[in-house]
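Enquirer: For reference, this is data_19.cif, and it has mmCIF, N, CA and C atoms and all ligand atoms.
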```
data_my_file
loop_
_atom_site.label_atom_id
_atom_site.label_comp_id
_atom_site.auth_asym_id
_atom_site.auth_seq_id
_atom_site.Cartn_x
_atom_site.Cartn_y
_atom_site.Cartn_z
N MET A 1 28.07 -207.10 192.75
CA MET A 1 28.24 -206.90 194.20
C MET A 1 29.40 -205.95 194.48
N GLN A 2 30.53 -206.21 193.82
CA GLN A 2 31.70 -205.38 194.06
C GLN A 2 31.48 -203.94 193.60
N LYS A 3 30.68 -203.79 192.55
CA LYS A 3 30.35 -202.45 192.05
C LYS A 3 29.69 -201.61 193.13
N TRP A 4 28.81 -202.28 193.86
CA TRP A 4 28.09 -201.57 194.93
C TRP A 4 29.04 -201.09 196.01
N ILE A 5 30.00 -201.96 196.32
CA ILE A 5 30.98 -201.57 197.36
C ILE A 5 31.78 -200.37 196.89
N MET A 6 32.23 -200.44 195.62
CA MET A 6 32.99 -199.33 195.06
C MET A 6 32.17 -198.05 195.08
N PHE A 7 30.91 -198.19 194.70
CA PHE A 7 30.03 -197.03 194.64
C PHE A 7 29.82 -196.43 196.04
N SER A 8 29.63 -197.30 197.02
CA SER A 8 29.44 -196.82 198.39
C SER A 8 30.68 -196.08 198.88
N LEU A 9 31.85 -196.68 198.60
CA LEU A 9 33.10 -196.03 199.02
C LEU A 9 33.24 -194.66 198.37
N PHE A 10 32.90 -194.60 197.09
CA PHE A 10 32.98 -193.35 196.34
C PHE A 10 32.07 -192.30 196.98
N LEU A 11 30.86 -192.75 197.32
CA LEU A 11 29.86 -191.87 197.92
C LEU A 11 30.36 -191.33 199.27
N ILE A 12 30.92 -192.23 200.08
CA ILE A 12 31.43 -191.82 201.39
C ILE A 12 32.56 -190.80 201.23
N ALA A 13 33.45 -191.08 200.25
CA ALA A 13 34.56 -190.17 200.00
C ALA A 13 34.03 -188.79 199.61
N CYS A 14 33.00 -188.78 198.76
CA CYS A 14 32.41 -187.51 198.34
C CYS A 14 31.84 -186.76 199.53
N LEU A 15 31.11 -187.47 200.37
CA LEU A 15 30.49 -186.83 201.53
C LEU A 15 31.56 -186.25 202.46
N LEU A 16 32.61 -187.04 202.67
CA LEU A 16 33.71 -186.56 203.53
C LEU A 16 34.33 -185.30 202.93
N GLY A 17 34.56 -185.34 201.62
CA GLY A 17 35.15 -184.20 200.93
C GLY A 17 34.29 -182.97 201.09
N ALA A 18 33.00 -183.14 200.87
CA ALA A 18 32.07 -182.01 200.98
C ALA A 18 32.06 -181.48 202.42
N GLY A 19 32.11 -182.40 203.37
CA GLY A 19 32.10 -182.01 204.79
C GLY A 19 33.30 -181.14 205.13
N VAL A 20 34.48 -181.57 204.67
CA VAL A 20 35.70 -180.81 204.94
C VAL A 20 35.62 -179.43 204.30
N LEU A 21 35.09 -179.41 203.08
CA LEU A 21 34.95 -178.16 202.34
C LEU A 21 34.07 -177.17 203.11
N PHE A 22 32.92 -177.65 203.56
CA PHE A 22 31.99 -176.75 204.26
C PHE A 22 32.57 -176.29 205.58
N GLN A 23 33.28 -177.18 206.25
CA GLN A 23 33.90 -176.83 207.52
C GLN A 23 34.91 -175.71 207.30
N ASN A 24 35.71 -175.83 206.24
CA ASN A 24 36.68 -174.78 205.92
C ASN A 24 36.00 -173.46 205.65
N VAL A 25 34.92 -173.51 204.89
CA VAL A 25 34.20 -172.28 204.55
C VAL A 25 33.68 -171.62 205.82
N SER A 26 33.07 -172.39 206.70
CA SER A 26 32.50 -171.78 207.91
C SER A 26 33.60 -171.27 208.84
N LEU A 27 34.75 -171.99 208.87
CA LEU A 27 35.89 -171.51 209.67
C LEU A 27 36.37 -170.16 209.14
N ARG A 28 36.46 -170.07 207.83
CA ARG A 28 36.93 -168.83 207.22
C ARG A 28 35.95 -167.69 207.49
N GLN A 29 34.66 -168.00 207.42
CA GLN A 29 33.66 -166.97 207.70
C GLN A 29 33.77 -166.48 209.14
N ALA A 30 33.97 -167.41 210.05
CA ALA A 30 34.09 -167.04 211.47
C ALA A 30 35.32 -166.16 211.67
N GLU A 31 36.39 -166.50 210.97
CA GLU A 31 37.62 -165.74 211.07
C GLU A 31 37.41 -164.31 210.56
N GLN A 32 36.75 -164.21 209.42
CA GLN A 32 36.48 -162.88 208.85
C GLN A 32 35.59 -162.07 209.78
N ALA A 33 34.60 -162.72 210.35
CA ALA A 33 33.68 -162.02 211.24
C ALA A 33 34.42 -161.48 212.46
N SER A 34 35.32 -162.30 213.01
CA SER A 34 36.04 -161.85 214.20
C SER A 34 37.00 -160.73 213.85
N GLN A 35 37.57 -160.78 212.63
CA GLN A 35 38.44 -159.70 212.21
C GLN A 35 37.66 -158.40 212.07
N ALA A 36 36.47 -158.49 211.52
CA ALA A 36 35.64 -157.30 211.34
C ALA A 36 35.26 -156.71 212.70
N ALA A 37 35.01 -157.60 213.66
CA ALA A 37 34.59 -157.14 214.99
C ALA A 37 35.75 -156.47 215.72
N GLU A 38 36.97 -156.89 215.38
CA GLU A 38 38.13 -156.34 216.07
C GLU A 38 38.43 -154.88 215.71
N GLY A 39 37.96 -154.46 214.56
CA GLY A 39 38.21 -153.09 214.15
C GLY A 39 39.46 -152.95 213.32
N PRO A 40 39.89 -151.71 213.11
CA PRO A 40 40.99 -151.46 212.20
C PRO A 40 42.32 -152.03 212.70
N THR A 41 43.12 -152.48 211.76
CA THR A 41 44.43 -153.02 212.10
C THR A 41 45.49 -152.32 211.26
N LEU A 42 46.69 -152.31 211.80
CA LEU A 42 47.84 -151.75 211.09
C LEU A 42 48.93 -152.77 211.20
N LYS A 43 49.26 -153.40 210.08
CA LYS A 43 50.19 -154.52 210.12
C LYS A 43 51.47 -154.19 209.38
N PHE A 44 52.57 -154.22 210.10
CA PHE A 44 53.88 -154.03 209.49
C PHE A 44 54.50 -155.41 209.25
N VAL A 45 54.82 -155.71 208.01
CA VAL A 45 55.51 -156.96 207.71
C VAL A 45 56.96 -156.62 207.36
N ALA A 46 57.88 -157.16 208.16
CA ALA A 46 59.29 -156.82 208.00
C ALA A 46 60.06 -157.96 207.34
N THR A 47 60.91 -157.57 206.38
CA THR A 47 61.86 -158.51 205.79
C THR A 47 63.23 -157.84 205.81
N ASN A 48 64.26 -158.51 205.29
CA ASN A 48 65.60 -157.90 205.22
C ASN A 48 65.66 -157.02 203.97
N TYR A 49 65.75 -155.73 203.95
CA TYR A 49 65.74 -154.84 205.09
C TYR A 49 64.71 -153.76 204.81
N GLN A 50 63.48 -154.17 204.82
CA GLN A 50 62.42 -153.19 204.55
C GLN A 50 61.10 -153.64 205.15
N PHE A 51 60.18 -152.67 205.22
CA PHE A 51 58.81 -152.98 205.59
C PHE A 51 58.00 -153.16 204.31
N ASP A 52 56.87 -153.85 204.40
CA ASP A 52 56.16 -154.23 203.17
C ASP A 52 55.50 -153.07 202.43
N GLN A 53 55.40 -151.91 203.07
CA GLN A 53 54.82 -150.77 202.36
C GLN A 53 55.69 -149.53 202.59
N PRO A 54 55.76 -148.66 201.59
CA PRO A 54 56.54 -147.42 201.78
C PRO A 54 55.81 -146.43 202.67
N GLU A 55 54.51 -146.65 202.85
CA GLU A 55 53.69 -145.73 203.64
C GLU A 55 52.45 -146.46 204.14
N TYR A 56 52.09 -146.19 205.37
CA TYR A 56 50.89 -146.80 205.95
C TYR A 56 49.95 -145.68 206.39
N THR A 57 48.68 -145.95 206.39
CA THR A 57 47.72 -144.91 206.74
C THR A 57 46.73 -145.42 207.78
N VAL A 58 46.46 -144.59 208.79
CA VAL A 58 45.41 -144.89 209.76
C VAL A 58 44.59 -143.62 209.98
N LYS A 59 43.41 -143.83 210.55
CA LYS A 59 42.57 -142.68 210.86
C LYS A 59 42.78 -142.25 212.30
N ALA A 60 42.82 -140.94 212.51
CA ALA A 60 43.00 -140.42 213.86
C ALA A 60 41.75 -140.69 214.71
N GLY A 61 41.98 -140.92 216.00
CA GLY A 61 40.87 -141.08 216.94
C GLY A 61 40.30 -142.48 217.02
N GLN A 62 40.81 -143.40 216.22
CA GLN A 62 40.31 -144.77 216.25
C GLN A 62 41.32 -145.66 216.96
N LYS A 63 40.78 -146.64 217.68
CA LYS A 63 41.68 -147.60 218.30
C LYS A 63 42.12 -148.60 217.24
N VAL A 64 43.43 -148.72 217.06
CA VAL A 64 43.97 -149.57 216.00
C VAL A 64 44.84 -150.65 216.62
N LYS A 65 44.69 -151.87 216.12
CA LYS A 65 45.57 -152.94 216.57
C LYS A 65 46.80 -152.94 215.68
N VAL A 66 47.93 -152.51 216.26
CA VAL A 66 49.18 -152.43 215.51
C VAL A 66 49.95 -153.72 215.72
N SER A 67 50.48 -154.27 214.64
CA SER A 67 51.24 -155.50 214.81
C SER A 67 52.49 -155.52 213.93
N LEU A 68 53.45 -156.28 214.37
CA LEU A 68 54.69 -156.48 213.62
C LEU A 68 54.85 -157.95 213.32
N LEU A 69 55.09 -158.25 212.05
CA LEU A 69 55.37 -159.63 211.67
C LEU A 69 56.75 -159.69 211.04
N ASN A 70 57.64 -160.42 211.67
CA ASN A 70 58.98 -160.62 211.11
C ASN A 70 58.96 -161.79 210.15
N LYS A 71 58.80 -161.46 208.88
CA LYS A 71 58.70 -162.50 207.85
C LYS A 71 60.07 -163.04 207.49
N GLU A 72 61.06 -162.17 207.59
CA GLU A 72 62.44 -162.56 207.28
C GLU A 72 63.36 -161.76 208.20
N GLY A 73 64.27 -162.43 208.86
CA GLY A 73 65.18 -161.73 209.76
C GLY A 73 64.50 -161.38 211.07
N LEU A 74 65.23 -160.65 211.90
CA LEU A 74 64.72 -160.26 213.20
C LEU A 74 64.76 -158.75 213.30
N HIS A 75 63.59 -158.15 213.43
CA HIS A 75 63.49 -156.70 213.44
C HIS A 75 62.58 -156.24 214.58
N ALA A 76 62.76 -154.99 214.94
CA ALA A 76 61.88 -154.37 215.92
C ALA A 76 61.56 -152.99 215.38
N LEU A 77 60.41 -152.47 215.71
CA LEU A 77 60.09 -151.16 215.15
C LEU A 77 59.69 -150.16 216.21
N GLU A 78 59.90 -148.91 215.84
CA GLU A 78 59.48 -147.82 216.68
C GLU A 78 58.76 -146.81 215.80
N ILE A 79 57.60 -146.34 216.27
CA ILE A 79 56.94 -145.23 215.59
C ILE A 79 57.43 -143.98 216.34
N VAL A 80 58.28 -143.22 215.67
CA VAL A 80 58.97 -142.11 216.33
C VAL A 80 57.97 -141.04 216.76
N GLY A 81 58.11 -140.63 218.01
CA GLY A 81 57.27 -139.56 218.55
C GLY A 81 55.96 -140.04 219.16
N LEU A 82 55.67 -141.32 219.02
CA LEU A 82 54.40 -141.84 219.58
C LEU A 82 54.62 -142.88 220.66
N ASN A 83 55.87 -143.15 220.94
CA ASN A 83 56.19 -144.14 221.97
C ASN A 83 55.56 -145.51 221.69
N VAL A 84 55.51 -145.87 220.43
CA VAL A 84 55.02 -147.21 220.08
C VAL A 84 56.22 -148.04 219.66
N LYS A 85 56.46 -149.14 220.38
CA LYS A 85 57.58 -150.01 220.07
C LYS A 85 57.11 -151.45 220.02
N LEU A 86 57.49 -152.13 218.96
CA LEU A 86 57.12 -153.53 218.82
C LEU A 86 58.35 -154.37 218.49
N ASP A 87 58.40 -155.56 219.05
CA ASP A 87 59.45 -156.51 218.69
C ASP A 87 58.90 -157.92 218.79
N ASN A 88 59.79 -158.91 218.75
CA ASN A 88 59.31 -160.30 218.75
C ASN A 88 58.67 -160.72 220.07
N ASN A 89 58.95 -159.97 221.14
CA ASN A 89 58.30 -160.28 222.42
C ASN A 89 56.95 -159.58 222.54
N THR A 90 56.90 -158.35 222.05
CA THR A 90 55.64 -157.60 222.04
C THR A 90 55.28 -157.34 220.59
N LYS A 91 54.45 -158.22 220.05
CA LYS A 91 54.19 -158.15 218.62
C LYS A 91 52.99 -157.28 218.29
N THR A 92 52.13 -157.04 219.26
CA THR A 92 50.95 -156.22 218.97
C THR A 92 50.73 -155.19 220.07
N ALA A 93 50.06 -154.12 219.71
CA ALA A 93 49.69 -153.09 220.68
C ALA A 93 48.42 -152.40 220.19
N ASP A 94 47.53 -152.09 221.12
CA ASP A 94 46.36 -151.30 220.77
C ASP A 94 46.71 -149.84 220.95
N VAL A 95 46.61 -149.11 219.87
CA VAL A 95 47.01 -147.70 219.90
C VAL A 95 45.90 -146.83 219.34
N THR A 96 45.62 -145.74 220.03
CA THR A 96 44.73 -144.73 219.47
C THR A 96 45.60 -143.56 219.03
N PHE A 97 45.62 -143.32 217.74
CA PHE A 97 46.43 -142.23 217.19
C PHE A 97 45.62 -140.95 217.25
N ASP A 98 46.04 -140.02 218.12
CA ASP A 98 45.26 -138.80 218.34
C ASP A 98 45.61 -137.68 217.38
N LYS A 99 46.92 -137.56 217.12
CA LYS A 99 47.36 -136.39 216.37
C LYS A 99 47.65 -136.70 214.91
N PRO A 100 46.87 -136.10 213.99
CA PRO A 100 47.16 -136.31 212.58
C PRO A 100 48.57 -135.83 212.22
N GLY A 101 49.17 -136.49 211.29
CA GLY A 101 50.52 -136.11 210.89
C GLY A 101 51.23 -137.27 210.23
N THR A 102 52.48 -137.05 209.88
CA THR A 102 53.28 -138.11 209.28
C THR A 102 54.39 -138.48 210.25
N TYR A 103 54.48 -139.73 210.56
CA TYR A 103 55.46 -140.20 211.54
C TYR A 103 56.44 -141.15 210.89
N GLU A 104 57.68 -141.06 211.34
CA GLU A 104 58.67 -142.00 210.84
C GLU A 104 58.59 -143.30 211.63
N VAL A 105 58.69 -144.38 210.90
CA VAL A 105 58.73 -145.70 211.54
C VAL A 105 60.06 -146.32 211.12
N HIS A 106 60.84 -146.78 212.09
CA HIS A 106 62.09 -147.43 211.69
C HIS A 106 62.42 -148.62 212.56
N CYS A 107 63.34 -149.41 212.04
CA CYS A 107 63.78 -150.59 212.76
C CYS A 107 64.73 -150.15 213.88
N VAL A 108 64.56 -150.70 215.07
CA VAL A 108 65.43 -150.31 216.18
C VAL A 108 66.29 -151.47 216.67
N LEU A 109 66.37 -152.51 215.84
CA LEU A 109 67.19 -153.66 216.21
C LEU A 109 68.27 -153.81 215.13
N PRO A 110 69.55 -153.68 215.50
CA PRO A 110 70.59 -153.83 214.48
C PRO A 110 70.44 -155.20 213.80
N CYS A 111 69.97 -155.19 212.57
CA CYS A 111 69.57 -156.44 211.94
C CYS A 111 70.45 -156.84 210.77
N GLY A 112 71.39 -155.96 210.39
CA GLY A 112 72.25 -156.31 209.27
C GLY A 112 72.64 -155.08 208.48
N PRO A 113 73.27 -155.29 207.32
CA PRO A 113 73.80 -154.18 206.53
C PRO A 113 72.74 -153.17 206.09
N GLY A 114 71.50 -153.60 205.92
CA GLY A 114 70.48 -152.68 205.44
C GLY A 114 69.75 -151.95 206.55
N HIS A 115 70.16 -152.21 207.77
CA HIS A 115 69.45 -151.66 208.93
C HIS A 115 69.24 -150.14 208.91
N PRO A 116 70.32 -149.35 208.61
CA PRO A 116 70.12 -147.88 208.67
C PRO A 116 69.04 -147.37 207.73
N ASN A 117 68.76 -148.12 206.67
CA ASN A 117 67.76 -147.66 205.70
C ASN A 117 66.40 -148.30 205.90
N MET A 118 66.26 -149.05 206.97
CA MET A 118 65.00 -149.75 207.17
C MET A 118 63.97 -148.82 207.81
N LYS A 119 63.33 -148.04 206.95
CA LYS A 119 62.41 -147.03 207.40
C LYS A 119 61.14 -147.04 206.58
N THR A 120 60.07 -146.57 207.18
CA THR A 120 58.83 -146.37 206.44
C THR A 120 58.09 -145.21 207.09
N LYS A 121 56.90 -144.92 206.59
CA LYS A 121 56.16 -143.78 207.11
C LYS A 121 54.77 -144.20 207.56
N LEU A 122 54.29 -143.53 208.58
CA LEU A 122 52.90 -143.73 209.00
C LEU A 122 52.19 -142.39 208.90
N VAL A 123 51.10 -142.40 208.15
CA VAL A 123 50.30 -141.17 208.02
C VAL A 123 49.03 -141.33 208.84
N VAL A 124 48.86 -140.44 209.81
CA VAL A 124 47.63 -140.41 210.61
C VAL A 124 46.75 -139.31 210.03
N GLN A 125 45.59 -139.71 209.56
CA GLN A 125 44.72 -138.74 208.89
C GLN A 125 43.65 -138.19 209.82
CU CU B 201 67.15 -153.34 211.76
#
```
Output the structure of this file as structure tokens.
Ligand SMILES: [Cu+2]
Expert:
Amino acid sequence: MQKWIMFSLFLIACLLGAGVLFQNVSLRQAEQASQAAEGPTLKFVATNYQFDQPEYTVKAGQKVKVSLLNKEGLHALEIVGLNVKLDNNTKTADVTFDKPGTYEVHCVLPCGPGHPNMKTKLVVQ
């Protein structure tokens, strides 16, 4: 008799586990689908005192969702010459980059000793 109870509990646990697993998978799929629908993104991840890539690339003429993530410290960025500024209050902006070229991106918030060197590049192709 007790074996049956144990077996039933085991079965229920398995079903619950499988349910959670499938729910996660479908959530992830929905997330990916919505990301694909949103179009191209340009994500700057900032730490003390650098951005996560030495160079970023976008295509000209496309609407791009630009975002700043402060992973460490507090930083703000400016894409020089394009009037794009992001900080902790305005973390994202939809930007259409019209003119191909290489633009300097730098931190515009005095964030510490490494601040003057906190620069990266954006290449619009
Ligand atoms: Cu800074």
Enquirer: In Å, with one decimal, what is the gap from atom C of A:Ala93 to atom CA of A:Ser26?
Expert: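 Answer for the atom C of A:Ala93 to atom CA of A:Ser26 separation: 27.9 Å.
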Enquirer: Between atom N of A:Thr96 and atom CA of A:Pro110, what distance in Å does the model show, to one decimal?
Expert: 26.8 Å
Enquirer: Could you give me, as an mmCIF file with N, CA and C atoms, keeping the file's coordinate frame, every polymer residue with an atom at most 6 Å away from an atom of ligand CU 201 (chain B), counting only C-alpha atoms and all ligand atoms?
Expert:
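Listed below is the output, result-v8.cif:
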```cif
data_model
loop_
_atom_site.group_PDB
_atom_site.id
_atom_site.type_symbol
_atom_site.label_atom_id
_atom_site.label_comp_id
_atom_site.auth_asym_id
_atom_site.auth_seq_id
_atom_site.Cartn_x
_atom_site.Cartn_y
_atom_site.Cartn_z
ATOM 1 N N HIS A 75 63.590 -158.150 213.430
ATOM 2 C CA HIS A 75 63.490 -156.700 213.440
ATOM 3 C C HIS A 75 62.580 -156.240 214.580
ATOM 4 N N CYS A 107 63.340 -149.410 212.040
ATOM 5 C CA CYS A 107 63.780 -150.590 212.760
ATOM 6 C C CYS A 107 64.730 -150.150 213.880
ATOM 7 N N VAL A 108 64.560 -150.700 215.070
ATOM 8 C CA VAL A 108 65.430 -150.310 216.180
ATOM 9 C C VAL A 108 66.290 -151.470 216.670
ATOM 10 N N LEU A 109 66.370 -152.510 215.840
ATOM 11 C CA LEU A 109 67.190 -153.660 216.210
ATOM 12 C C LEU A 109 68.270 -153.810 215.130
ATOM 13 N N PRO A 110 69.550 -153.680 215.500
ATOM 14 C CA PRO A 110 70.590 -153.830 214.480
ATOM 15 C C PRO A 110 70.440 -155.200 213.800
ATOM 16 N N CYS A 111 69.970 -155.190 212.570
ATOM 17 C CA CYS A 111 69.570 -156.440 211.940
ATOM 18 C C CYS A 111 70.450 -156.840 210.770
ATOM 19 N N HIS A 115 70.160 -152.210 207.770
ATOM 20 C CA HIS A 115 69.450 -151.660 208.930
ATOM 21 C C HIS A 115 69.240 -150.140 208.910
#
```
Enquirer: Check the smallest atom-to-atom distance from each of A:Val20, A:Val123, A:Val84, A:Ile79 to A:Val105 using all atoms listed in the file, then report the winner.
Expert: A:Ile79
Enquirer: How many Å lie between atom C of A:Lys43 and atom CA of A:Val66, rounded to one decimal?
Expert: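 Separation of atom C of A:Lys43 and atom CA of A:Val66: 6.8 Å.
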Enquirer: Taking only C-alpha atoms into account, name the residue in A:Asn83, A:Leu68, A:Gly61, A:Glu55 that is nearest to A:Thr102.
Expert: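 Counting only C-alpha atoms, the residue closest to A:Thr102 is A:Glu55.
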Enquirer: Neighbours of A:Gln50 within 6 Å (only N, CA and C atoms; same-chain residues fewer than 5 positions away dropped), as a PyMOL selection string?
Expert: chain A and resi 45+118-119
Enquirer: Considering only C-alpha atoms, state which residue in the set A:Pro54, A:Glu38, A:Tyr103, A:Gln23 is at the smallest distance from A:Asn117.
Expert: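 Distance minimum relative to A:Asn117 lands on A:Pro54.
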Enquirer: Quick one: residues within 12 Å of A:Leu69, only C-alpha atoms, excluding same-chain residues fewer than 5 positions away - as a list in words?
Expert: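 Here the qualifying residues turn out to be Leu42, Lys43, Phe44, Val45, Ala46, Thr47, Gln50, Phe51, Asp52, Leu74, His75, Ala76, Leu77, Leu86, Asp87, Asn88, Asn89, Thr90, Lys91 and Thr92 of chain A.
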Enquirer: Quick one: pick out all strand (DSSP E or B) residues within stretch 10-117 of chain A from a backbone DSSP run and write them as a VMD selection string.
Expert: chain A and resid 41 to 47 50 to 51 55 to 58 63 to 70 77 to 79 84 to 86 92 to 96 101 to 107
Enquirer: Would you please work out which residue, of A:Thr57, A:Gln125, A:Gln29, A:Asn24, is nearest to A:Thr41 when using all atoms listed in the file?
Expert: A:Thr57
